[in-house]
Amino acid sequence: MIKKFIKSVIGDKNAQRLRRVQQAFRAARNSWDISAGNTHNEIDRLIFTNLMAVHSLEKNMVVNNGKAPDKYNFNTLIENTSRIIQAGISPEDFSVCESAAVIKSALNSLTGHDDDKAQLEALITKYNIPQNYRGGIERLSRSEIFAHNNFDFHGFVSSRHSIRKFTDKIIPREIIYDIVRDAQFYPSICNRQPCKVYFSDSETGAAKLAATIPDQFIAKGRIHDALIVTCDRALLSPAELNDQEYLNAGIFLGYLVMSIHAHGLGSCLCQYLQVNSKQYKLKREFGIKASEIILCFVGIGELEDEVLCACAQRRPVETVAIKFDE
């Protein structure tokens, strides 16, 4: 009723412009709430602070040739890890296991600190924190780092194309886990790994995901399965917002589509505008946290024996790699 009245007064085109302005203000307000910490609860902030501190500790060990700084407040890190568990986070959660592993490795690199070592071991024993996480540093030979480099990388990356028509087979969760597991090796800010992937391996759930892809990207009925990629701003500081979430997501998406390609599947990236009133509905529908922003849809699926692809010619390399001192 109100919408019809507004249209009758200002006209249909102006009503559309007004809606876009309203959506822009709503998106800006949401970004402000996030940057101000209003959507970060206390446990999110504690996890963020602890992960920042333990990764800083790891980097210090690299710089100091394997040894942690002797004058370091290990007691605070251990107490914060304990508080995370007491707040209801599972001792098997990444934030707990990562913290315990890094602190333990750092303490083992130092003489003394007997009280800190005893406090950490008591925490590990009390909550049965898994000990299969690697933390601190590892020494790798050059041959180990480049052990898998003997393949045609140019051929691999240049053979990947955006696919816009798939078979109707839904990708099993085991394959999705394998794809995402490989993509997780993307370099992320201070190893916080804020990107997430939402998927379904049921016919109904996959169809619901595929239906969220905007019409301009795909003809309906050609994509039967899709992923939603998000970035959790709770793992970023207010100073990093409005840039790092997009930087991290861009790097992650590059790894993700190449991992999909390596698994013999096709993909199509579909950008998602942040100024979009449907974002809040999508978050509720798929159980996405308020602190996460939806960044991209990825159509995924098996290819038919023959597919049509856009040529998508790349620019001449000299116009991209620019030598500035000539």
# chains A, B, ... in the order shown; residues from 1 in each chain; ligands from 1

$ residues_around --residues "Phe94 in chain A" --least-positions-apart "4" --cutoff "12 Å" --atoms "only C-alpha atoms" --output "ChimeraX atom specification"
/A:47-48,50-51,81,84-85,89-90,98-102,129-135,191-193

$ residues_around --residues "Ala312 in chain A" --least-positions-apart "3" --cutoff "10 Å" --atoms "only C-alpha atoms" --output "count of residues only"
4

$ residues_around --residues "Ile251 in chain A" --least-positions-apart "5" --cutoff "10 Å" --atoms "only C-alpha atoms" --output "list in words"
Ala183, Tyr186, Pro187, Ser188, Cys195, Tyr246 and Leu256 of chain A

$ write_last_selection --atoms "all heavy atoms" --output "CSV table (one decimal), in the first residue's frame"
chain,number,residue,atom,x,y,z
A,183,ALA,N,41.9,-25.2,-0.9
A,183,ALA,CA,41.8,-23.7,-1.0
A,183,ALA,C,42.2,-23.0,0.3
A,183,ALA,O,42.7,-21.9,0.2
A,183,ALA,CB,40.4,-23.3,-1.4
A,186,TYR,N,45.4,-20.8,1.0
A,186,TYR,CA,45.7,-19.4,0.5
A,186,TYR,C,46.3,-18.6,1.6
A,186,TYR,O,46.1,-18.8,2.8
A,186,TYR,CB,44.3,-18.8,0.1
A,186,TYR,CG,43.4,-18.3,1.3
A,186,TYR,CD1,43.2,-16.9,1.5
A,186,TYR,CD2,42.8,-19.2,2.1
A,186,TYR,CE1,42.4,-16.5,2.5
A,186,TYR,CE2,42.0,-18.7,3.1
A,186,TYR,CZ,41.8,-17.4,3.3
A,186,TYR,OH,41.0,-16.9,4.4
A,187,PRO,N,47.2,-17.6,1.3
A,187,PRO,CA,47.8,-16.7,2.3
A,187,PRO,C,46.7,-15.8,2.8
A,187,PRO,O,46.1,-15.0,2.0
A,187,PRO,CB,48.9,-16.0,1.5
A,187,PRO,CG,48.5,-16.0,0.1
A,187,PRO,CD,47.7,-17.3,-0.1
A,188,SER,N,46.4,-15.8,4.1
A,188,SER,CA,45.4,-14.9,4.7
A,188,SER,C,46.1,-14.0,5.8
A,188,SER,O,47.2,-14.4,6.3
A,188,SER,CB,44.3,-15.7,5.3
A,188,SER,OG,44.7,-16.4,6.5
A,195,CYS,N,37.6,-16.5,5.6
A,195,CYS,CA,36.7,-16.9,4.6
A,195,CYS,C,36.0,-18.3,4.9
A,195,CYS,O,36.6,-19.1,5.5
A,195,CYS,CB,37.4,-17.0,3.2
A,195,CYS,SG,37.9,-15.4,2.6
A,246,TYR,N,37.8,-8.0,1.5
A,246,TYR,CA,37.7,-8.2,0.1
A,246,TYR,C,39.1,-8.7,-0.5
A,246,TYR,O,39.1,-9.6,-1.4
A,246,TYR,CB,37.4,-6.9,-0.6
A,246,TYR,CG,36.0,-6.3,-0.2
A,246,TYR,CD1,36.0,-5.2,0.6
A,246,TYR,CD2,34.8,-7.0,-0.5
A,246,TYR,CE1,34.8,-4.7,1.1
A,246,TYR,CE2,33.6,-6.5,0.0
A,246,TYR,CZ,33.6,-5.3,0.8
A,246,TYR,OH,32.4,-4.9,1.3
A,256,LEU,N,40.2,-21.2,-4.6
A,256,LEU,CA,39.0,-22.1,-4.6
A,256,LEU,C,38.7,-22.6,-6.0
A,256,LEU,O,38.5,-23.7,-6.3
A,256,LEU,CB,37.8,-21.4,-4.0
A,256,LEU,CG,36.5,-22.2,-3.9
A,256,LEU,CD1,36.7,-23.3,-2.8
A,256,LEU,CD2,35.4,-21.3,-3.5

$ residues_around --residues "Asp178 in chain A" --least-positions-apart "6" --cutoff "12 Å" --atoms "only C-alpha atoms" --output "list of chain:residue names"
A:Ile171, A:Pro172, A:Gln184, A:Phe185, A:Leu256, A:Ser259, A:Ile260, A:Ala262, A:His263

$ write_last_selection --atoms "N, CA, C and O atoms" --output "mmCIF file, in the first residue's frame"
data_model
loop_
_atom_site.group_PDB
_atom_site.id
_atom_site.type_symbol
_atom_site.label_atom_id
_atom_site.label_comp_id
_atom_site.auth_asym_id
_atom_site.auth_seq_id
_atom_site.Cartn_x
_atom_site.Cartn_y
_atom_site.Cartn_z
ATOM 1 N N ILE A 171 27.293 -32.242 -6.157
ATOM 2 C CA ILE A 171 28.638 -32.608 -5.722
ATOM 3 C C ILE A 171 28.600 -33.113 -4.277
ATOM 4 O O ILE A 171 28.098 -32.415 -3.386
ATOM 5 N N PRO A 172 29.127 -34.324 -4.010
ATOM 6 C CA PRO A 172 29.104 -34.880 -2.643
ATOM 7 C C PRO A 172 29.926 -34.048 -1.668
ATOM 8 O O PRO A 172 30.882 -33.372 -2.057
ATOM 9 N N GLN A 184 42.145 -23.735 1.393
ATOM 10 C CA GLN A 184 42.505 -23.138 2.688
ATOM 11 C C GLN A 184 43.982 -22.775 2.797
ATOM 12 O O GLN A 184 44.372 -22.067 3.721
ATOM 13 N N PHE A 185 44.790 -23.228 1.859
ATOM 14 C CA PHE A 185 46.218 -22.888 1.904
ATOM 15 C C PHE A 185 46.501 -21.526 1.287
ATOM 16 O O PHE A 185 47.659 -21.170 1.055
ATOM 17 N N LEU A 256 40.204 -21.226 -4.600
ATOM 18 C CA LEU A 256 39.030 -22.090 -4.622
ATOM 19 C C LEU A 256 38.702 -22.553 -6.039
ATOM 20 O O LEU A 256 38.473 -23.744 -6.278
ATOM 21 N N SER A 259 41.215 -25.011 -7.244
ATOM 22 C CA SER A 259 41.024 -26.301 -6.590
ATOM 23 C C SER A 259 39.859 -27.049 -7.229
ATOM 24 O O SER A 259 39.931 -28.266 -7.457
ATOM 25 N N ILE A 260 38.787 -26.328 -7.543
ATOM 26 C CA ILE A 260 37.649 -26.943 -8.237
ATOM 27 C C ILE A 260 38.108 -27.503 -9.582
ATOM 28 O O ILE A 260 37.770 -28.628 -9.966
ATOM 29 N N ALA A 262 41.145 -28.416 -10.420
ATOM 30 C CA ALA A 262 42.039 -29.554 -10.188
ATOM 31 C C ALA A 262 41.271 -30.826 -9.864
ATOM 32 O O ALA A 262 41.776 -31.937 -10.093
ATOM 33 N N HIS A 263 40.064 -30.683 -9.342
ATOM 34 C CA HIS A 263 39.227 -31.844 -9.017
ATOM 35 C C HIS A 263 38.349 -32.283 -10.190
ATOM 36 O O HIS A 263 37.449 -33.106 -10.020
#

$ select_by_dssp --residues "range 100-253 of chain A" --states "alpha helix (DSSP H)" --output "ChimeraX atom specification"
/A:100-108,114-127,142-145,153-158,173-183,203-210,244-253

$ select_by_dssp --residues "range 93-286 of chain A" --states "strand (DSSP E)" --output "PyMOL selection string"
chain A and resi 195-198+226-232+266-271
